[in-house]
Amino acid sequence: METLLQSCSIFTPKPPVRSPVDRQLALSSFAINKQRSCNVKLKAISRSSQEGSSSIEDVRKDGMLLGADKDESGSVVGFRLIPQSGETEVSNSHDTISNGKEEVIVDDDSVQTTSAEVTYNIVFVTSEAAPYSKTGGLGDVCGSLPIALAERGHRVMVVSPRYLNGGPNDKKFAGALDLDCRVKVSCSGGVQEVAFFHEYRAGVDWVFVDHPSYHRPGNPYGDAYGAFGDNQFRFTLLCHAACEAPLVLPLGGFTYGENCLFLANDWHAGLVPVLLAAKYRPYGVYKDARSIVVIHNLAHQGVEPASTYSNFGLPPEWYGALGWVFPTWARTHALDTGEAVNILKGALVTADRILTVSEGYSWEITTPEGGNGLNELLTSRKIVVNGITNGIDLTEWNPSSDVHIPSHYSLEDLSGKIECKIALQKELGLPIRPDCPMIGFIGRLDYQKGIDIILSGTPDLLQDDVQFVMLGSGEKQYEDWMRATEATFKDKFRGWVGFNVPISHRITAGCDILLMPSRFEPCGLNQLYAMRYGTVPVVHATGGLGDTVKTFNPFADEGRGEGTGWGFKPLTRESMLDALRIAIETYRKHKSSWRGLMKRGMERDSSWNNAAVKYEQVFKWAFIDPPYVS
Ligand SMILES: Nc1ncnc2c1ncn2[C@@H]1O[C@H](COP(=O)(O)OP(=O)(O)O[C@H]2O[C@H](CO)[C@@H](O)[C@H](O)[C@H]2O)[C@@H](O)[C@H]1O
C-alpha cells in the first residue's frame with residue numbers, strides 16, 4: 001500500500017524534460033502511472049477500461065457516449081455525449097454567440113438548450129457547492145454553473161471538501177463513493193494523505209476531497225467561536241488535491257488529463273494557478289492547461305503572516321507570487337513590517353484570466369474604493385479581467401414548482417403569491433394583512449450587506465404601515481439587534497436568526513419588496529431570485545445590483561413603464577428610506593405599475609445558459625493565449 005501511495009504522491013520528483021519527444025513520453029507515462037496507482041472501486045468504471053465505451057454507458061445512464069476526443073498525448077480531453085431525451089443537439093452547432101450581450105441566438109430548430117462549439121475539460125475548485133455545502137452565493141454558483149456547462153457538452157468536474165459535521169447535512173454526501181485513490185500532499189511541515197469521493201450527478205463529476213480536517217462541527221469555515229484557525233491548511237490541501245484530481249481519477253473510465261481548464265473560485269482555491277505555475281509546469285505537466293480565477297468576493301483574500309509561506313508546499317523562490325505587504329496604516333505597531341502572504345494575490349498574478357461575477361464589479365475592483373488593496377494589480381492585468389453576471393438555478397427557484405412554498409404561482413396566475421404572503425404572515429405570527437406592504441431581507445449579517453444602514457433606518461421605516469422580515473446570521477451585535485427590534489415592534493418586525501433555505505424561499509415568495517442595501521455586491525443572487533418571484537427589489541446600485549436591477553421609470557415605453565425595481569445611491573439611511581417609500585407608495589397606489597414591475601422582473605432571463613455562453617467565450621480567449629506563467 002505504501003508503494004502505491006508513494007507513486008500517487010505529488011511530491012514524487014519528476015525528471016526535468018529535455019527534448020519535445022522526451023517531454024511527450026514523460027507526460028504520457030506520468031499520466032499512466034497516475035492512473036495505475038488508483039484502484040477505482042466502481043465496477044462499471046473498471047469494466048470500462050477493458051471493454052471501451054459501452055461500459056461508460058452503464059455509468060452515464062442518462063445519455064449515450066458517441067466518442068471521446070484525445071489530445072496528442074492520448075489523454076482524453078472531451079466526450080461527445082448525447083442525452084437520451086434527444087432534446088439537445090450535440091454535434092457542432094450552428095448557434096452563434098453574441099459576445100458581451102444578453103442574447104443567445106439559436107438556429108431555426110428553436111432548440112432551448114444550446115451546445116458549445118468547442119468543449120473543454122473543466123475543473124471547478126471551490127470551498128462550497130450546493131446542495132452538498134452552502135453558506136452563501138458561492139455555493140449556489142458552484143452548484144449550478146457546472147451543470148449548465150455540462151449540459152452544453154463540456155466535461156465538468158467540481159472539486160470541493162467532504163465536510164462532515166455530525167449533523168443532518170452529512171447525508172448530502174451519502175451518494176458519493178470512495179474512489180479508493182489516495183494522494184499524499186506535502187505541506188505544513190508534514191505529509192498529509194487525502195482521499196477522493198465521487199458522485200456523478202446531473203452530468204457533472206462531483207469530487208469530494210476527504211481529510212480529517214474537514215470533519216468537525218460547524219460550517220465549512222468556522223463555528224460558534226469564529227473562523228477555524230487552520231483554514232489556510234485546509235484549503236491548501238484542497239488545492240493540492242484538486243491539481244491531482246484530473247491526473248489520477250479515472251472518472252467514467254478516463255482521467256480528465258492535463259489539457260484541462262481550472263476555474264479557481266475565490267481565495268480558497270487560489271493556490272491552484274500558483275501550483276500549476278510553480279510545481280507542475282517546470283516538469284512539463286499541465287503545460288497546456290489554463291486557469292481562470294473567479295472572484296466572488298474580493299474582500300476575502302486568505303491573508304496570513306509571511307512566516308506561513310512554508311506551509312504551502314511551494315518552492316521557496318515562489319515567495320514573491322504570494323508575498324504581500326500591508327499598507328503602513330494597517331500595521332499593528334511601529335515594528336510591524338506588514339509582511340504577509342496573500343493567496344488571492346498569488347492567484348491574480350499566476351492565473352491566465354480573471355473573472356468576476358458582474359461587469360459592474362469587474363470595474364469596481366480596479367478602483368481604490370473597490371479593490372481591497374489589489375486594485376493596482378488588477379488594473380495591471382485589466383486586459384484579462386472580465387465580468388459575467390451570475391445566473392440562477394431556474395429549477396430550484398421557480399414559483400410554479402418550488403417545493404418550499406405553500407402555493408404555486410406564475411406570471412399567468414399570480415393568485416398564489418398572495419397565499420404565500422398570508423402563509424408567511426401566519427408562520428411568523430404577524431397580523432394577517434394581505435394589503436400591507438411586506439419587505440424582506442435575506443443575507444449574511446455583516447458589513448458587506450449594509451446591515452448598519454438597515455439598523456439605522458428601521459425605526460423610521462416602521463413608523464409607516466409596513467411589515468419587515470429579516471433572515472440572516474452573522475455578527476452577534478446584529479443578531480441581538482434583530483431580536484431586540486422584534487420585541488419592540490411585535491406587529492411589524494420579525495428577525496429570524498439562522499441559515500434556513502426553506503424559509504428563504506418563503507420570504508422571497510411572500511414579500512412584496514426585497515431590500516438589499518449592500519455596501520458592495522459582486523453580483524448578488526437574492527435580487528435575481530426576488531425578481532423571478534415577482535418580488536420587487538430595492539437595492540443599493542452597486543456592482544451586480546446596479547447591473548441587474550433597472551430603476552422604475554413610469555413614463556418610459558410610451559407610458560407603459562420600464563424597470564424592475566429601484567436602485568438607490570449614495571448608500572445612506574436617507575436614500576434607502578426614500579427609495580423604500582417610493583416603492584411602498586407605488587405598491588399602494590399604482591397597482592398597474594406594480595404589476596408591470598412584477599411582470600418585467602418575472603420575465604427577466606436569469607438562466608445559467610446565457611452566462612455559460614459568455615464563460616465559453618472567456619475559455620476560448622484563455623486557450624488562444626499561451627499560459628500566462630509558463
Ligand atoms: N440566513 C440565510 N438562510 C438561507 N439562505 C441564505 C441566508 N443568507 C444567505 N442565504 C442564501 O445565500 C445566498 C447568498 O448569495 P449572495 O449572492 O446574495 O451573497 P454572498 O455574499 O454569499 O455571495 C458572494 O458570491 C455570490 C456568487 O458569485 C455573489 O452573487 C455575491 O455578490 C458575493 O458576495 C443566497 O442563495 C441566499 O438566499
# chains A, B, ... in the order shown; residues from 1 in each chain; ligands from 1

$ residues_around --residues "stretch 393-404 of chain A" --least-positions-apart "6" --cutoff "12 Å" --atoms "only C-alpha atoms" --output "VMD selection string"
chain A and resid 130 to 131 137 139 to 148 410 to 417 420 423 to 424 500 to 510 525 to 535 602 604 to 609 611

$ residues_around --residues "A:Val207" --least-positions-apart "2" --cutoff "9 Å" --atoms "only C-alpha atoms" --output "MDAnalysis selection string"
chainID A and resid 157:162 176 196:200 205 209 242 245

$ write_last_selection --atoms "N, CA, C and O atoms" --output "mmCIF file, in the first residue's frame"
data_model
loop_
_atom_site.group_PDB
_atom_site.id
_atom_site.type_symbol
_atom_site.label_atom_id
_atom_site.label_comp_id
_atom_site.auth_asym_id
_atom_site.auth_seq_id
_atom_site.Cartn_x
_atom_site.Cartn_y
_atom_site.Cartn_z
ATOM 1 N N MET A 157 -15.895 18.693 -13.853
ATOM 2 C CA MET A 157 -15.649 18.124 -12.524
ATOM 3 C C MET A 157 -15.656 19.277 -11.513
ATOM 4 O O MET A 157 -15.166 20.360 -11.811
ATOM 5 N N VAL A 158 -16.258 19.035 -10.365
ATOM 6 C CA VAL A 158 -16.219 20.039 -9.294
ATOM 7 C C VAL A 158 -15.477 19.419 -8.119
ATOM 8 O O VAL A 158 -15.849 18.341 -7.652
ATOM 9 N N VAL A 159 -14.420 20.065 -7.657
ATOM 10 C CA VAL A 159 -13.654 19.521 -6.540
ATOM 11 C C VAL A 159 -13.873 20.409 -5.316
ATOM 12 O O VAL A 159 -13.592 21.614 -5.356
ATOM 13 N N SER A 160 -14.390 19.819 -4.255
ATOM 14 C CA SER A 160 -14.578 20.575 -3.013
ATOM 15 C C SER A 160 -14.426 19.620 -1.835
ATOM 16 O O SER A 160 -14.386 18.400 -2.018
ATOM 17 N N PRO A 161 -14.330 20.147 -0.623
ATOM 18 C CA PRO A 161 -14.096 19.243 0.518
ATOM 19 C C PRO A 161 -15.321 18.412 0.892
ATOM 20 O O PRO A 161 -16.458 18.805 0.641
ATOM 21 N N ARG A 162 -15.051 17.290 1.495
ATOM 22 C CA ARG A 162 -16.125 16.437 2.017
ATOM 23 C C ARG A 162 -16.297 16.800 3.498
ATOM 24 O O ARG A 162 -15.685 16.211 4.383
ATOM 25 N N ALA A 176 -21.918 9.931 -2.568
ATOM 26 C CA ALA A 176 -20.540 10.000 -3.089
ATOM 27 C C ALA A 176 -19.733 8.819 -2.554
ATOM 28 O O ALA A 176 -19.646 8.619 -1.348
ATOM 29 N N PHE A 196 -10.439 10.630 -2.172
ATOM 30 C CA PHE A 196 -11.409 11.259 -3.059
ATOM 31 C C PHE A 196 -12.707 10.466 -3.052
ATOM 32 O O PHE A 196 -12.692 9.249 -3.222
ATOM 33 N N PHE A 197 -13.811 11.165 -2.882
ATOM 34 C CA PHE A 197 -15.132 10.556 -3.016
ATOM 35 C C PHE A 197 -15.765 11.148 -4.270
ATOM 36 O O PHE A 197 -15.435 12.274 -4.658
ATOM 37 N N HIS A 198 -16.692 10.398 -4.869
ATOM 38 C CA HIS A 198 -17.205 10.842 -6.166
ATOM 39 C C HIS A 198 -18.679 10.517 -6.333
ATOM 40 O O HIS A 198 -19.141 9.434 -5.965
ATOM 41 N N GLU A 199 -19.397 11.477 -6.882
ATOM 42 C CA GLU A 199 -20.785 11.211 -7.292
ATOM 43 C C GLU A 199 -20.969 11.813 -8.681
ATOM 44 O O GLU A 199 -20.601 12.977 -8.920
ATOM 45 N N TYR A 200 -21.543 11.032 -9.590
ATOM 46 C CA TYR A 200 -21.871 11.568 -10.918
ATOM 47 C C TYR A 200 -23.338 11.951 -10.896
ATOM 48 O O TYR A 200 -24.204 11.111 -10.742
ATOM 49 N N ASP A 205 -19.185 15.502 -12.644
ATOM 50 C CA ASP A 205 -18.428 14.689 -11.688
ATOM 51 C C ASP A 205 -18.191 15.523 -10.437
ATOM 52 O O ASP A 205 -17.390 16.463 -10.453
ATOM 53 N N VAL A 209 -12.928 15.953 -1.668
ATOM 54 C CA VAL A 209 -11.635 15.647 -1.070
ATOM 55 C C VAL A 209 -11.879 15.346 0.405
ATOM 56 O O VAL A 209 -12.550 16.113 1.098
ATOM 57 N N ALA A 242 -6.923 19.098 -5.708
ATOM 58 C CA ALA A 242 -7.637 19.434 -6.947
ATOM 59 C C ALA A 242 -6.698 19.402 -8.144
ATOM 60 O O ALA A 242 -7.108 19.040 -9.254
ATOM 61 N N ALA A 245 -6.405 15.729 -9.045
ATOM 62 C CA ALA A 245 -7.624 15.011 -9.449
ATOM 63 C C ALA A 245 -7.693 14.722 -10.953
ATOM 64 O O ALA A 245 -7.977 13.582 -11.350
#

$ select_by_dssp --residues "stretch 436-537 of chain A" --states "strand (DSSP E)" --output "list in words"
Met438, Ile439, Gly440, Phe441, Ile442, Gln467, Phe468, Val469, Met470, Leu471, Gly472, Phe493, Arg494, Gly495, Trp496, Val497, Ile513, Leu514, Leu515, Met516, Val536 and Pro537 of chain A

$ atom_distance --atom1 "atom CA of A:Asn231" --atom2 "atom CA of A:Ala129"
17.3 Å

$ residues_around --residues "A:Pro273" --least-positions-apart "6" --cutoff "6 Å" --atoms "only C-alpha atoms" --output "list in words"
Ser291, Ala347, Thr350 and Ala351 of chain A

$ write_last_selection --atoms "N, CA and C atoms" --output "mmCIF file, in the first residue's frame"
data_model
loop_
_atom_site.group_PDB
_atom_site.id
_atom_site.type_symbol
_atom_site.label_atom_id
_atom_site.label_comp_id
_atom_site.auth_asym_id
_atom_site.auth_seq_id
_atom_site.Cartn_x
_atom_site.Cartn_y
_atom_site.Cartn_z
ATOM 1 N N SER A 291 -5.819 28.327 -16.434
ATOM 2 C CA SER A 291 -6.551 28.556 -15.184
ATOM 3 C C SER A 291 -7.211 29.928 -15.219
ATOM 4 N N ALA A 347 -3.040 34.082 -6.787
ATOM 5 C CA ALA A 347 -3.872 33.615 -7.904
ATOM 6 C C ALA A 347 -3.917 34.682 -8.999
ATOM 7 N N THR A 350 -0.821 34.687 -11.205
ATOM 8 C CA THR A 350 -0.454 33.478 -11.954
ATOM 9 C C THR A 350 -1.564 32.939 -12.867
ATOM 10 N N ALA A 351 -2.809 33.337 -12.610
ATOM 11 C CA ALA A 351 -3.908 32.795 -13.426
ATOM 12 C C ALA A 351 -3.842 33.352 -14.849
#

$ residues_around --residues "A:Glu359" --least-positions-apart "6" --cutoff "8 Å" --atoms "only C-alpha atoms" --output "mmCIF file with N, CA, C and O atoms, in the first residue's frame"
data_model
loop_
_atom_site.group_PDB
_atom_site.id
_atom_site.type_symbol
_atom_site.label_atom_id
_atom_site.label_comp_id
_atom_site.auth_asym_id
_atom_site.auth_seq_id
_atom_site.Cartn_x
_atom_site.Cartn_y
_atom_site.Cartn_z
ATOM 1 N N ASN A 386 -12.606 40.121 -16.854
ATOM 2 C CA ASN A 386 -13.969 40.231 -17.405
ATOM 3 C C ASN A 386 -14.992 40.039 -16.295
ATOM 4 O O ASN A 386 -14.693 39.439 -15.274
ATOM 5 N N GLY A 387 -16.189 40.519 -16.550
ATOM 6 C CA GLY A 387 -17.289 40.297 -15.606
ATOM 7 C C GLY A 387 -18.442 39.599 -16.316
ATOM 8 O O GLY A 387 -18.834 40.008 -17.411
ATOM 9 N N ILE A 388 -18.944 38.556 -15.714
ATOM 10 C CA ILE A 388 -20.113 37.848 -16.263
ATOM 11 C C ILE A 388 -21.145 37.719 -15.143
ATOM 12 O O ILE A 388 -20.858 37.129 -14.089
ATOM 13 N N THR A 389 -22.306 38.264 -15.378
ATOM 14 C CA THR A 389 -23.356 38.227 -14.352
ATOM 15 C C THR A 389 -23.810 36.787 -14.095
ATOM 16 O O THR A 389 -24.066 36.034 -15.050
ATOM 17 N N GLY A 543 -22.125 47.386 -7.993
ATOM 18 C CA GLY A 543 -21.735 46.087 -8.539
ATOM 19 C C GLY A 543 -22.842 45.419 -9.331
ATOM 20 O O GLY A 543 -23.499 46.031 -10.173
ATOM 21 N N GLY A 544 -23.080 44.153 -9.007
ATOM 22 C CA GLY A 544 -24.079 43.370 -9.734
ATOM 23 C C GLY A 544 -25.501 43.842 -9.478
ATOM 24 O O GLY A 544 -26.389 43.608 -10.310
ATOM 25 N N ASP A 547 -26.150 46.403 -11.994
ATOM 26 C CA ASP A 547 -26.249 45.816 -13.340
ATOM 27 C C ASP A 547 -27.595 45.130 -13.571
ATOM 28 O O ASP A 547 -28.063 45.052 -14.706
#

$ select_by_dssp --residues "stretch 487-549 of chain A" --states "alpha helix (DSSP H)" --output "ChimeraX atom specification"
/A:487-488,501-510,526-532,543-548

$ residues_around --residues "A:Val497" --least-positions-apart "3" --cutoff "12 Å" --atoms "only C-alpha atoms" --output "JSON, numbers by chain"
{"A": [441, 442, 443, 444, 445, 469, 470, 471, 472, 473, 474, 475, 476, 477, 478, 479, 480, 481, 482, 483, 484, 486, 494, 500, 503, 504]}

$ atom_distance --atom1 "atom CA of A:Val549" --atom2 "atom CA of A:Cys436"
23.5 Å

$ residues_around --residues "A:Ala277" --least-positions-apart "5" --cutoff "8 Å" --atoms "only C-alpha atoms" --output "PyMOL selection string"
chain A and resi 282+350+629-630

$ write_last_selection --atoms "all heavy atoms" --output "mmCIF file, in the first residue's frame"
data_model
loop_
_atom_site.group_PDB
_atom_site.id
_atom_site.type_symbol
_atom_site.label_atom_id
_atom_site.label_comp_id
_atom_site.auth_asym_id
_atom_site.auth_seq_id
_atom_site.Cartn_x
_atom_site.Cartn_y
_atom_site.Cartn_z
ATOM 1 N N PRO A 282 7.070 23.465 -14.469
ATOM 2 C CA PRO A 282 8.522 23.283 -14.580
ATOM 3 C C PRO A 282 8.901 21.845 -14.941
ATOM 4 O O PRO A 282 9.991 21.589 -15.430
ATOM 5 C CB PRO A 282 9.034 23.653 -13.181
ATOM 6 C CG PRO A 282 8.000 24.578 -12.637
ATOM 7 C CD PRO A 282 6.688 24.087 -13.188
ATOM 8 N N THR A 350 -0.821 34.687 -11.205
ATOM 9 C CA THR A 350 -0.454 33.478 -11.954
ATOM 10 C C THR A 350 -1.564 32.939 -12.867
ATOM 11 O O THR A 350 -1.275 32.177 -13.787
ATOM 12 C CB THR A 350 -0.039 32.338 -10.981
ATOM 13 O OG1 THR A 350 -1.040 32.214 -9.975
ATOM 14 C CG2 THR A 350 1.304 32.613 -10.330
ATOM 15 N N VAL A 629 1.913 32.172 -17.053
ATOM 16 C CA VAL A 629 3.195 31.836 -16.433
ATOM 17 C C VAL A 629 3.571 30.443 -16.916
ATOM 18 O O VAL A 629 2.881 29.481 -16.609
ATOM 19 C CB VAL A 629 3.099 31.837 -14.897
ATOM 20 C CG1 VAL A 629 4.468 31.545 -14.297
ATOM 21 C CG2 VAL A 629 2.551 33.158 -14.385
ATOM 22 N N SER A 630 4.634 30.367 -17.731
ATOM 23 C CA SER A 630 4.978 29.033 -18.249
ATOM 24 C C SER A 630 6.444 28.735 -18.015
ATOM 25 O O SER A 630 7.199 29.567 -17.583
ATOM 26 C CB SER A 630 4.650 28.938 -19.734
ATOM 27 O OG SER A 630 5.249 30.005 -20.415
#

$ atom_distance --atom1 "atom CA of A:Asn121" --atom2 "atom CA of A:Leu149"
10.3 Å

$ closest_residue --among "A:Cys187, A:Ala299, A:Cys181, A:Cys239" --to "ligand 1" --atoms "only C-alpha atoms and all ligand atoms"
A:Ala299

$ residues_around --residues "stretch 332-343 of chain A" --least-positions-apart "4" --cutoff "8 Å" --atoms "only C-alpha atoms" --output "PyMOL selection string"
chain A and resi 267-268+270-271+301-309+322-328+347

$ closest_residue --among "A:Pro522, A:Gly360, A:Gly371, A:Pro437" --to "ligand 1" --atoms "only C-alpha atoms and all ligand atoms"
A:Pro522
